[in-house]
Each structure stands twice: as C-alpha cells, then as structure tokens.
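**Student:** The following file, data_29.tsv, comprises TSV, C-alpha atoms and all ligand atoms:
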```tsv
chain	number	residue	atom	x	y	z
A	1250	MET	CA	5.55	-18.06	91.66
A	1251	THR	CA	6.67	-21.25	89.97
A	1252	THR	CA	5.87	-21.96	86.36
A	1253	THR	CA	5.47	-25.35	84.78
A	1254	PRO	CA	8.09	-25.89	82.06
A	1255	ARG	CA	6.55	-25.89	78.61
A	1256	VAL	CA	6.67	-28.92	76.39
A	1257	GLN	CA	9.19	-28.55	73.60
A	1258	ALA	CA	6.57	-27.78	70.95
A	1259	GLU	CA	5.42	-24.75	72.97
A	1260	VAL	CA	8.86	-23.18	73.17
A	1261	PRO	CA	8.82	-20.08	70.93
A	1262	VAL	CA	10.77	-20.15	67.68
A	1263	ILE	CA	11.67	-17.42	65.23
A	1264	ALA	CA	12.53	-18.91	61.84
A	1265	ILE	CA	14.71	-16.75	59.60
A	1266	ASP	CA	15.24	-18.11	56.10
A	1267	GLY	CA	16.75	-16.63	53.00
A	1268	PRO	CA	19.55	-16.88	50.45
A	1269	GLY	CA	23.25	-16.68	51.27
A	1270	GLY	CA	24.54	-13.19	52.04
A	1271	SER	CA	21.08	-11.86	52.91
A	1272	GLY	CA	22.39	-11.17	56.41
A	1273	LYS	CA	20.23	-13.78	58.11
A	1274	GLY	CA	23.13	-15.17	60.16
A	1275	THR	CA	24.02	-11.74	61.54
A	1276	VAL	CA	20.39	-10.82	62.12
A	1277	ALA	CA	19.54	-14.16	63.75
A	1278	ARG	CA	22.49	-13.85	66.13
A	1279	ALA	CA	21.62	-10.26	67.07
A	1280	VAL	CA	17.96	-11.15	67.68
A	1281	ALA	CA	18.91	-14.21	69.77
A	1282	ARG	CA	21.32	-12.08	71.82
A	1283	ARG	CA	18.74	-9.40	72.47
A	1284	LEU	CA	16.16	-11.94	73.58
A	1285	GLY	CA	18.57	-14.23	75.41
A	1286	TRP	CA	17.35	-17.12	73.27
A	1287	HIS	CA	19.26	-20.03	71.74
A	1288	LEU	CA	20.58	-19.87	68.20
A	1289	LEU	CA	20.59	-22.51	65.49
A	1290	ASP	CA	22.80	-21.82	62.47
A	1291	SER	CA	21.50	-24.72	60.38
A	1292	GLY	CA	23.83	-23.94	57.47
A	1293	ALA	CA	26.74	-24.88	59.75
A	1294	LEU	CA	25.39	-28.44	59.90
A	1295	TYR	CA	25.36	-28.80	56.11
A	1296	ARG	CA	28.79	-27.19	55.95
A	1297	LEU	CA	30.06	-29.70	58.55
A	1298	VAL	CA	28.73	-32.61	56.49
A	1299	GLY	CA	30.47	-31.23	53.39
A	1300	VAL	CA	33.78	-30.72	55.22
A	1301	ALA	CA	33.59	-34.13	56.93
A	1302	ALA	CA	32.93	-35.79	53.55
A	1303	GLY	CA	36.10	-34.19	52.19
A	1304	LEU	CA	38.14	-35.34	55.18
A	1305	MET	CA	36.80	-38.88	54.96
A	1306	GLY	CA	37.09	-39.18	51.19
A	1307	ILE	CA	33.34	-39.55	50.65
A	1308	SER	CA	32.32	-38.31	47.21
A	1309	LEU	CA	29.74	-35.50	47.08
A	1310	ASP	CA	27.83	-37.70	44.62
A	1311	ASP	CA	27.60	-40.62	47.05
A	1312	GLY	CA	24.10	-40.02	48.45
A	1313	PRO	CA	23.87	-43.08	50.75
A	1314	GLY	CA	27.41	-42.52	52.07
A	1315	LEU	CA	26.66	-38.85	52.81
A	1316	ALA	CA	23.36	-39.72	54.50
A	1317	ARG	CA	25.17	-42.21	56.77
A	1318	LEU	CA	27.76	-39.56	57.52
A	1319	ALA	CA	25.06	-36.98	58.34
A	1320	SER	CA	23.13	-39.29	60.66
A	1321	GLY	CA	26.22	-40.17	62.69
A	1322	LEU	CA	27.90	-36.77	62.36
A	1323	ASP	CA	30.34	-36.37	65.22
A	1324	ALA	CA	29.92	-32.62	65.51
A	1325	SER	CA	28.91	-30.21	68.19
A	1326	PHE	CA	28.36	-26.52	68.56
A	1327	ASP	CA	26.82	-24.64	71.37
A	1328	SER	CA	23.62	-22.75	70.85
A	1329	SER	CA	24.60	-19.64	72.74
A	1330	ALA	CA	24.32	-16.54	70.56
A	1331	ASP	CA	27.44	-15.22	72.29
A	1332	SER	CA	29.78	-17.89	71.01
A	1333	GLU	CA	30.79	-17.55	67.39
A	1334	ARG	CA	33.46	-20.21	67.68
A	1335	GLY	CA	33.68	-23.69	69.08
A	1336	ILE	CA	32.21	-25.64	66.17
A	1337	LEU	CA	33.76	-29.04	66.66
A	1338	LEU	CA	34.12	-31.84	64.15
A	1339	ALA	CA	35.34	-35.10	65.65
A	1340	GLY	CA	36.55	-33.11	68.65
A	1341	ARG	CA	38.61	-30.63	66.58
A	1342	ASP	CA	37.78	-26.98	66.01
A	1343	ALA	CA	36.34	-26.59	62.51
A	1344	THR	CA	34.94	-23.06	62.91
A	1345	ASP	CA	37.17	-21.44	60.27
A	1346	GLN	CA	37.20	-24.44	57.96
A	1347	ILE	CA	33.43	-24.50	57.53
A	1348	ARG	CA	33.26	-20.79	56.66
A	1349	SER	CA	35.28	-21.10	53.43
A	1350	GLU	CA	33.61	-20.70	50.04
A	1351	ALA	CA	34.59	-24.30	49.25
A	1352	ALA	CA	32.72	-25.52	52.36
A	1353	GLY	CA	29.70	-23.44	51.32
A	1354	GLU	CA	29.75	-25.01	47.87
A	1355	ALA	CA	30.06	-28.53	49.35
A	1356	ALA	CA	27.22	-27.72	51.78
A	1357	SER	CA	24.95	-26.69	48.95
A	1358	ARG	CA	25.65	-29.99	47.15
A	1359	VAL	CA	25.07	-32.25	50.16
A	1360	ALA	CA	21.99	-30.22	51.11
A	1361	ALA	CA	20.33	-31.16	47.82
A	1362	ILE	CA	20.27	-34.85	48.86
A	1363	PRO	CA	16.94	-35.72	50.53
A	1364	ALA	CA	18.40	-38.45	52.78
A	1365	VAL	CA	21.01	-36.02	54.12
A	1366	ARG	CA	18.31	-33.48	54.97
A	1367	ALA	CA	16.17	-36.16	56.63
A	1368	ALA	CA	19.14	-37.29	58.73
A	1369	LEU	CA	19.55	-33.78	60.16
A	1370	VAL	CA	15.91	-33.01	61.07
A	1371	ALA	CA	15.88	-34.37	64.64
A	1372	ARG	CA	19.22	-32.80	65.46
A	1373	GLN	CA	17.93	-29.38	64.39
A	1374	ARG	CA	14.67	-29.74	66.32
A	1375	GLY	CA	16.72	-30.60	69.41
A	1376	PHE	CA	17.87	-26.96	69.54
A	1377	ARG	CA	14.35	-25.88	70.51
A	1378	LYS	CA	14.82	-25.20	74.20
A	1379	GLU	CA	13.61	-22.71	76.77
A	1380	PRO	CA	13.44	-19.76	76.75
A	1381	GLY	CA	13.26	-19.75	72.93
A	1382	LEU	CA	15.12	-20.35	69.68
A	1383	VAL	CA	16.11	-18.23	66.71
A	1384	ALA	CA	16.87	-20.56	63.80
A	1385	ASP	CA	18.36	-19.50	60.49
A	1386	GLY	CA	18.62	-21.40	57.26
A	1387	ARG	CA	16.61	-22.20	54.16
A	1388	ASP	CA	13.81	-24.43	55.45
A	1389	MET	CA	13.40	-23.43	59.09
A	1390	GLY	CA	9.88	-22.14	58.53
A	1391	SER	CA	8.77	-24.61	55.89
A	1392	THR	CA	10.10	-27.90	57.25
A	1393	ILE	CA	11.95	-27.87	60.56
A	1394	PHE	CA	9.70	-25.55	62.59
A	1395	PRO	CA	6.49	-25.22	60.55
A	1396	ASP	CA	4.62	-24.15	63.69
A	1397	ALA	CA	6.89	-21.13	64.36
A	1398	ALA	CA	4.67	-18.13	65.08
A	1399	LEU	CA	7.17	-15.86	63.36
A	1400	LYS	CA	8.74	-16.76	60.04
A	1401	VAL	CA	10.89	-14.21	58.27
A	1402	PHE	CA	12.21	-14.53	54.73
A	1403	LEU	CA	15.18	-12.22	54.52
A	1404	THR	CA	16.44	-11.28	51.11
A	1405	ALA	CA	18.56	-8.69	49.31
A	1406	ASP	CA	19.56	-8.32	45.68
A	1407	VAL	CA	22.37	-10.55	44.50
A	1408	GLU	CA	24.90	-7.72	43.92
A	1409	GLU	CA	24.45	-6.45	47.47
A	1410	ARG	CA	24.69	-9.97	48.90
A	1411	ALA	CA	27.91	-10.58	46.96
A	1412	ARG	CA	29.32	-7.26	48.19
A	1413	ARG	CA	28.52	-8.16	51.80
A	1414	ARG	CA	30.11	-11.59	51.48
A	1415	HIS	CA	33.13	-10.01	49.76
A	1416	ASN	CA	33.60	-7.61	52.70
A	1417	GLN	CA	33.22	-10.45	55.21
A	1418	LEU	CA	35.88	-12.49	53.42
A	1419	LYS	CA	38.19	-9.49	53.08
A	1420	GLN	CA	37.99	-8.93	56.83
A	1421	LYS	CA	39.15	-12.51	57.27
A	1422	GLY	CA	42.05	-11.86	54.89
A	1423	ILE	CA	40.50	-13.98	52.12
A	1424	ASP	CA	40.88	-12.40	48.69
A	1425	VAL	CA	38.30	-13.38	46.06
A	1426	SER	CA	36.99	-11.45	43.08
A	1427	LEU	CA	33.62	-9.79	43.52
A	1428	ALA	CA	32.52	-10.88	40.04
A	1429	ALA	CA	33.37	-14.52	40.74
A	1430	LEU	CA	31.58	-14.34	44.09
A	1431	SER	CA	28.47	-12.87	42.52
A	1432	LYS	CA	28.45	-15.61	39.87
A	1433	ASP	CA	28.92	-18.39	42.47
A	1434	MET	CA	26.21	-16.90	44.63
A	1435	ALA	CA	23.72	-16.82	41.76
A	1436	ALA	CA	24.57	-20.46	40.92
A	1437	ARG	CA	24.13	-21.52	44.54
A	1438	ASP	CA	20.80	-19.66	44.77
A	1439	ARG	CA	19.66	-21.50	41.67
A	1440	ARG	CA	20.66	-24.90	43.07
A	1441	ASP	CA	19.01	-24.15	46.44
A	1442	ALA	CA	15.81	-22.93	44.76
A	1443	GLU	CA	15.53	-25.71	42.20
A	1444	ARG	CA	16.23	-28.76	44.35
A	1445	THR	CA	13.31	-31.13	44.83
A	1446	VAL	CA	13.43	-31.26	48.61
A	1447	ALA	CA	13.04	-28.17	50.82
A	1448	PRO	CA	13.78	-25.71	48.00
A	1449	LEU	CA	14.69	-22.18	49.03
A	1450	ARG	CA	11.53	-20.12	48.88
A	1451	ALA	CA	9.44	-18.02	51.21
A	1452	CYS	CA	6.59	-19.97	52.77
A	1453	PRO	CA	3.17	-18.40	52.38
A	1454	ASP	CA	3.01	-17.39	56.05
A	1455	ALA	CA	6.49	-15.80	56.11
A	1456	ARG	CA	7.05	-12.06	56.44
A	1457	ILE	CA	9.29	-10.94	53.60
A	1458	LEU	CA	12.02	-8.49	54.46
A	1459	ASP	CA	14.18	-7.08	51.68
A	1460	SER	CA	17.31	-5.74	53.34
A	1461	THR	CA	18.81	-4.14	50.22
A	1462	GLY	CA	20.12	-0.75	51.32
A	1463	ILE	CA	18.94	-1.18	54.93
A	1464	VAL	CA	21.41	-1.18	57.81
A	1465	VAL	CA	21.51	-4.32	59.91
A	1466	ASP	CA	20.26	-2.61	63.10
A	1467	GLU	CA	17.06	-1.59	61.31
A	1468	VAL	CA	16.53	-5.15	60.10
A	1469	VAL	CA	17.08	-6.50	63.62
A	1470	LEU	CA	14.61	-4.00	65.05
A	1471	GLN	CA	11.97	-4.96	62.49
A	1472	VAL	CA	12.35	-8.63	63.36
A	1473	LEU	CA	12.08	-7.78	67.06
A	1474	ARG	CA	8.89	-5.80	66.41
A	1475	TRP	CA	7.39	-8.77	64.60
A	1476	ALA	CA	8.58	-11.05	67.39
A	1477	ALA	CA	6.72	-8.89	69.89
A	1478	GLU	CA	3.54	-9.28	67.82
A	1479	ALA	CA	4.00	-13.04	67.58
A	1480	TYR	CA	5.09	-13.67	71.15
A	1481	PRO	CA	3.73	-11.50	73.99
A	1482	GLU	CA	6.64	-12.55	76.19
A	1483	VAL	CA	8.96	-10.67	73.83
A	1484	ALA	CA	6.83	-7.53	74.07
A	1485	TYR	CA	6.99	-7.74	77.87
A	1486	ARG	CA	10.75	-8.10	77.89
A	1487	MET	CA	11.71	-5.23	75.62
A	1488	PRO	CA	11.77	-1.53	76.51
A	1489	VAL	CA	8.65	0.20	75.21
A	1490	THR	CA	10.62	2.73	73.16
A	1491	GLU	CA	12.09	-0.07	71.05
A	1492	PHE	CA	8.67	-1.16	70.00
A	1493	VAL	CA	6.92	2.03	69.21
A	1494	PRO	CA	6.13	1.35	65.57
A	1495	GLU	CA	7.39	3.62	62.80
A	1496	PRO	CA	4.42	5.98	62.31
A	1497	PHE	CA	4.26	6.41	66.08
A	1498	SER	CA	7.91	7.02	66.76
A	1499	ARG	CA	8.28	9.43	63.87
A	1500	GLY	CA	5.15	11.41	64.58
A	1501	GLY	CA	3.32	9.96	61.58
A	1502	SER	CA	-0.38	9.83	60.95
A	1503	SER	CA	-1.27	6.64	62.81
A	1504	MET	CA	-3.47	7.61	65.76
A	1505	CYS	CA	-3.93	4.13	67.12
A	1506	PRO	CA	-1.24	1.92	68.61
A	1507	PRO	CA	-1.42	-1.60	67.23
A	1508	ARG	CA	-3.29	-4.23	69.24
A	1509	TRP	CA	-0.14	-6.02	70.43
A	1510	TRP	CA	1.21	-2.80	71.84
A	1511	LEU	CA	-1.93	-2.19	73.86
A	1512	SER	CA	-2.36	-5.79	74.98
A	1513	ALA	CA	1.27	-5.95	76.07
A	1514	ARG	CA	0.59	-3.19	78.55
A	1515	ALA	CA	-2.91	-4.27	79.61
B	1601	LIG	O1	23.57	-20.53	55.29
B	1601	LIG	P1	24.84	-21.10	54.76
B	1601	LIG	O2	25.47	-20.31	53.66
B	1601	LIG	O3	25.81	-21.45	55.83
B	1601	LIG	O4	24.41	-22.50	54.11
B	1601	LIG	C1	25.28	-23.24	53.29
B	1601	LIG	C2	24.43	-24.11	52.37
B	1601	LIG	O5	23.72	-25.07	53.14
B	1601	LIG	C3	23.37	-23.35	51.57
B	1601	LIG	O6	23.84	-22.92	50.31
B	1601	LIG	C4	22.27	-24.37	51.42
B	1601	LIG	O7	22.46	-25.14	50.27
B	1601	LIG	C5	22.44	-25.30	52.59
B	1601	LIG	N1	21.41	-25.12	53.62
B	1601	LIG	C6	20.21	-25.74	53.44
B	1601	LIG	N2	19.25	-25.70	54.41
B	1601	LIG	C7	19.48	-25.01	55.52
B	1601	LIG	C8	20.70	-24.32	55.72
B	1601	LIG	C9	21.65	-24.39	54.74
B	1601	LIG	O8	19.97	-26.36	52.41
B	1601	LIG	N3	18.54	-24.98	56.46
```
Is it possible to give me this structure as structure tokens?
Ligand code: C5P
**Tutor:**
Amino acid sequence: MTTTPRVQAEVPVIAIDGPGGSGKGTVARAVARRLGWHLLDSGALYRLVGVAAGLMGISLDDGPGLARLASGLDASFDSSADSERGILLAGRDATDQIRSEAAGEAASRVAAIPAVRAALVARQRGFRKEPGLVADGRDMGSTIFPDAALKVFLTADVEERARRRHNQLKQKGIDVSLAALSKDMAARDRRDAERTVAPLRACPDARILDSTGIVVDEVVLQVLRWAAEAYPEVAYRMPVTEFVPEPFSRGGSSMCPPRWWLSARA
C-alpha cells in the first residue's frame, strides 16, 4: 500500500519546553530516539548566535547586528537523535564550544532580542519532517509549533536543576561551584521569563511535568504515554506493555482502560 506524503503542517510534533536543567534536552532526545523522529534542540541555535557574535566581534547589545547574524547564520546540525555532535559553525565543529556556561549566558541575551527570534523562526520550522519531530526549547509550543498536539512543560526546582547541570559539567571536566551555578540559573530563568517576546512560561494547553525527584526514564515514559494519546501512530508503534497506564500496570483501582488504549487496538 502506498501512502501520500503529508504536508508539512500535518507532520506530528512533540513540543517540550521548560527552564534550563529541567532535563528537556535529555528527555527530548530519548523520546525522539524511541520514536525514530527528528530532533530540534532550539537552544543550540541561540547558543550558536551567541558564540558567532563573540567570534565576529558583534556586541551582545547590538540588536540589528545580531539579527543580521542570525538570519544569515552559517550553521548546521543534523536532526538525528543519534548524533550528539556535529554542530558546525562556518564549517567548523562548535559542539563543545556552544555547551559552555558562557555560551548559555550569551544565548540567553541574544534570545531576548525580538528580531533575533524572528530571524530563526523559519529555520526551526524547517525541522518538521516525516515521520515526526521532537522539539525542545522555551517557545516550541507557544510560538514555533503552536499546532503541536502534544506540548509538555518540563520543570524541576532550581536546586535540583543546578545539581543536574553541575554533574553534567563535572563529567565534562568543567569545575564550577554549585552555588554560583544555582545563582546563574535563577538569573537566567528570570531573564527568560521576563522578556517581552516569547517569555518562558507554560502555554495553557501544555501538560506540566515536574521532574523533581523523578528518574529520567520515568519522565520519558510519561511523555511517550502522552504522545500515544495525542498521536495514534505512536500508540501503534510502541509495545503494549509500555503504555499500560499506571493504575493498570500496578494493579490499581482503575477498571477501564483509557479511550486511546482501546482505540489503538480497535
Ligand atoms: O536550552 P538551552 O539552555 O540550550 O538554551 C540556551 C538559552 O537560549 C536559554 O537560556 C534561552 O534564553 C534561549 N532559548 C530561547 N528559546 C528557545 C531555546 C533557547 O530563548 N526556544
């Protein structure tokens, strides 16, 4: 049987937004891998603009200069969830450079400039390709993919987020104080939440998931369960046991499987 390719707007999208250190990057990658979908790490784009500005001597206060830089950004990264490297800036590998705290800080400053955000919209939407896309960032659900049938707002308390980031950096051999990290993180949250354009906040139709104290596999599974509700094709693809909801799998009191579970097997 042949199927007609869907128009881009019909390609399924899972939008995962939330503050830094909430685990959305890890969760988005794991979900994309499990589904075999593409991945958009939108923060990497803002980080690339910040790093490129530094290399080209463009001030982080120069809004028009940064917007020009963003619209012609000579950067590429592949959307496969299996490749964590290969982020190129002007043909050179910038994967490690963009992951520094300094690049994160620069990203947060350039991201507050409306013209920079506008310049990156089409590029982000271009990642929406068959068979589907998992996109993580701050405004995936509110601005870039407002029609996504699943929007998740992933959060965790600031101390836990700072601890996670601290561990990540330690694994990379980067030594920073936990207290300083926690302070920087709170300041960055504030800037992201208070900016006038695309401020960081959960959109009304997002599912809120607080990952404080929850292991990443559980978070991934919850997102996959929601994905199966939002997109029947996900329910069809995944083994039934993965999707038996909590009260079911643990012998709880629910006597009725949810509608998506039944319809997926109808
Ligand atoms: O997610 P990540 O920490 O890589 O993002 C770096 C910065 O880029 C964030 O602090 C935020 O200011 C900005 N950002 C954004 N919108 C996105 C993704 C990232 O404003 N969709």
**Student:** Show me which residues sit within 7 Å of ligand LIG 1601 (chain B) when counting all atoms listed in the file, and put them as a list of chain:residue names.
**Tutor:** A:Gly1269, A:Ser1291, A:Gly1292, A:Ala1293, A:Tyr1295, A:Arg1296, A:Gly1353, A:Glu1354, A:Ala1356, A:Ser1357, A:Arg1358, A:Ala1360, A:Ala1361, A:Asp1385, A:Gly1386, A:Arg1387, A:Asp1388, A:Met1389, A:Arg1437, A:Asp1441
**Student:** With distances taken over all atoms listed in the file, which of A:Leu1294, A:Ala1398, A:Val1425, A:Val1365 is nearest to A:Ile1347?
**Tutor:** A:Leu1294
**Student:** So how many Å separate atom CA of A:Glu1379 and atom CA of A:Ser1325, to one decimal?
**Tutor:** 19.1 Å
**Student:** Nearest to A:Ala1397 among A:Leu1309, A:Ala1351, A:Lys1419, A:Gly1381, with distances taken over all atoms listed in the file: which residue is it?
**Tutor:**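 Ranking A:Leu1309, A:Ala1351, A:Lys1419, A:Gly1381 by distance to A:Ala1397, first place goes to A:Gly1381.
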**Student:** Quick one: residues within 10 Å of A:Leu1315, all atoms listed in the file, excluding same-chain residues fewer than 2 positions away - as a CSV table (one decimal) with C-alpha atoms, keeping the file's coordinate frame?
**Tutor:**
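Result went into around.csv, see below:
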```csv
chain,number,residue,atom,x,y,z
A,1298,VAL,CA,28.7,-32.6,56.5
A,1299,GLY,CA,30.5,-31.2,53.4
A,1301,ALA,CA,33.6,-34.1,56.9
A,1302,ALA,CA,32.9,-35.8,53.6
A,1307,ILE,CA,33.3,-39.6,50.6
A,1308,SER,CA,32.3,-38.3,47.2
A,1309,LEU,CA,29.7,-35.5,47.1
A,1310,ASP,CA,27.8,-37.7,44.6
A,1311,ASP,CA,27.6,-40.6,47.0
A,1312,GLY,CA,24.1,-40.0,48.4
A,1313,PRO,CA,23.9,-43.1,50.8
A,1317,ARG,CA,25.2,-42.2,56.8
A,1318,LEU,CA,27.8,-39.6,57.5
A,1319,ALA,CA,25.1,-37.0,58.3
A,1320,SER,CA,23.1,-39.3,60.7
A,1321,GLY,CA,26.2,-40.2,62.7
A,1322,LEU,CA,27.9,-36.8,62.4
A,1359,VAL,CA,25.1,-32.2,50.2
A,1360,ALA,CA,22.0,-30.2,51.1
A,1362,ILE,CA,20.3,-34.8,48.9
A,1364,ALA,CA,18.4,-38.4,52.8
A,1365,VAL,CA,21.0,-36.0,54.1
A,1368,ALA,CA,19.1,-37.3,58.7
```
**Student:** Please report the interatomic distance between atom CA of A:Glu1478 and atom CA of A:Leu1288 in Å with one decimal.
**Tutor:**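 So the two atoms, atom CA of A:Glu1478 and atom CA of A:Leu1288, lie 20.1 Å apart.
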**Student:** Looking at A:Arg1486, A:Glu1259, A:Phe1394, A:Lys1273, which one is nearest to A:Arg1474, with distances taken over all atoms listed in the file?
**Tutor:** A:Arg1486
**Student:** What does the structure give for the distance between atom CA of A:Ser1329 and atom CA of A:Arg1377, in Å to one decimal?
**Tutor:** 12.2 Å
**Student:** Need the shell around A:Leu1418: protein/DNA/RNA residues with any atom at most 12 Å away, counting all atoms listed in the file. Skip same-chain ones fewer than 3 positions apart. Format as a PyMOL selection string?
**Tutor:** chain A and resi 1270+1345+1348-1350+1411-1415+1421-1427+1430
**Student:** Write the residues you've just listed into a file as a compact mmCIF listing (two decimals), in the frame of the given file, and include C-alpha atoms for each of them.
**Tutor:**
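Written output follows (part37.txt):
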```txt
# COMPACT_ATOMS: atom_id res chain seq x y z
CA GLY A 1270 24.54 -13.19 52.04
CA ASP A 1345 37.17 -21.44 60.27
CA ARG A 1348 33.26 -20.79 56.66
CA SER A 1349 35.28 -21.10 53.43
CA GLU A 1350 33.61 -20.70 50.04
CA ALA A 1411 27.91 -10.58 46.96
CA ARG A 1412 29.32 -7.26 48.19
CA ARG A 1413 28.52 -8.16 51.80
CA ARG A 1414 30.11 -11.59 51.48
CA HIS A 1415 33.13 -10.01 49.76
CA LYS A 1421 39.15 -12.51 57.27
CA GLY A 1422 42.05 -11.86 54.89
CA ILE A 1423 40.50 -13.98 52.12
CA ASP A 1424 40.88 -12.40 48.69
CA VAL A 1425 38.30 -13.38 46.06
CA SER A 1426 36.99 -11.45 43.08
CA LEU A 1427 33.62 -9.79 43.52
CA LEU A 1430 31.58 -14.34 44.09
```
**Student:** Please provide the set of residues having any atom within 10 Å of A:Arg1334, restricted to all atoms listed in the file, with same-chain residues fewer than 6 positions apart removed, written as a PDB file with C-alpha atoms, keeping the file's coordinate frame.
**Tutor:**
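That gives us out32.pdb:
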```pdb
ATOM      1  CA  PHE A1326      28.360 -26.520  68.560  1.00  0.00           C
ATOM      2  CA  ASP A1327      26.820 -24.640  71.370  1.00  0.00           C
ATOM      3  CA  ASP A1342      37.780 -26.980  66.010  1.00  0.00           C
ATOM      4  CA  ALA A1343      36.340 -26.590  62.510  1.00  0.00           C
ATOM      5  CA  THR A1344      34.940 -23.060  62.910  1.00  0.00           C
ATOM      6  CA  ASP A1345      37.170 -21.440  60.270  1.00  0.00           C
TER       7      ASP A1345
END
```
**Student:** Missing atoms in stretch 1293-1305 of chain A should be modelled up to N, CA and C atoms and reported as an mmCIF file, in the frame of the given file.
**Tutor:**
```
data_model
loop_
_atom_site.group_PDB
_atom_site.id
_atom_site.type_symbol
_atom_site.label_atom_id
_atom_site.label_comp_id
_atom_site.auth_asym_id
_atom_site.auth_seq_id
_atom_site.Cartn_x
_atom_site.Cartn_y
_atom_site.Cartn_z
ATOM 1 N N ALA A 1293 25.492 -24.312 59.221
ATOM 2 C CA ALA A 1293 26.740 -24.880 59.750
ATOM 3 C C ALA A 1293 26.695 -26.404 59.725
ATOM 4 N N LEU A 1294 25.502 -26.967 59.911
ATOM 5 C CA LEU A 1294 25.390 -28.440 59.900
ATOM 6 C C LEU A 1294 25.687 -28.998 58.509
ATOM 7 N N TYR A 1295 25.100 -28.338 57.490
ATOM 8 C CA TYR A 1295 25.360 -28.800 56.110
ATOM 9 C C TYR A 1295 26.830 -28.571 55.736
ATOM 10 N N ARG A 1296 27.381 -27.459 56.216
ATOM 11 C CA ARG A 1296 28.790 -27.190 55.950
ATOM 12 C C ARG A 1296 29.664 -28.268 56.614
ATOM 13 N N LEU A 1297 29.297 -28.668 57.843
ATOM 14 C CA LEU A 1297 30.060 -29.700 58.550
ATOM 15 C C LEU A 1297 30.009 -31.028 57.791
ATOM 16 N N VAL A 1298 28.838 -31.352 57.251
ATOM 17 C CA VAL A 1298 28.730 -32.610 56.490
ATOM 18 C C VAL A 1298 29.646 -32.546 55.261
ATOM 19 N N GLY A 1299 29.625 -31.385 54.579
ATOM 20 C CA GLY A 1299 30.470 -31.230 53.390
ATOM 21 C C GLY A 1299 31.945 -31.344 53.724
ATOM 22 N N VAL A 1300 32.364 -30.684 54.815
ATOM 23 C CA VAL A 1300 33.780 -30.720 55.220
ATOM 24 C C VAL A 1300 34.160 -32.137 55.661
ATOM 25 N N ALA A 1301 33.283 -32.776 56.444
ATOM 26 C CA ALA A 1301 33.590 -34.130 56.930
ATOM 27 C C ALA A 1301 33.708 -35.099 55.750
ATOM 28 N N ALA A 1302 32.864 -34.905 54.735
ATOM 29 C CA ALA A 1302 32.930 -35.790 53.550
ATOM 30 C C ALA A 1302 34.305 -35.662 52.901
ATOM 31 N N GLY A 1303 34.775 -34.419 52.781
ATOM 32 C CA GLY A 1303 36.100 -34.190 52.190
ATOM 33 C C GLY A 1303 37.183 -34.879 52.994
ATOM 34 N N LEU A 1304 37.101 -34.760 54.317
ATOM 35 C CA LEU A 1304 38.140 -35.340 55.180
ATOM 36 C C LEU A 1304 38.126 -36.862 55.118
ATOM 37 N N MET A 1305 36.917 -37.416 54.932
ATOM 38 C CA MET A 1305 36.800 -38.880 54.960
ATOM 39 C C MET A 1305 36.827 -39.499 53.577
#
```
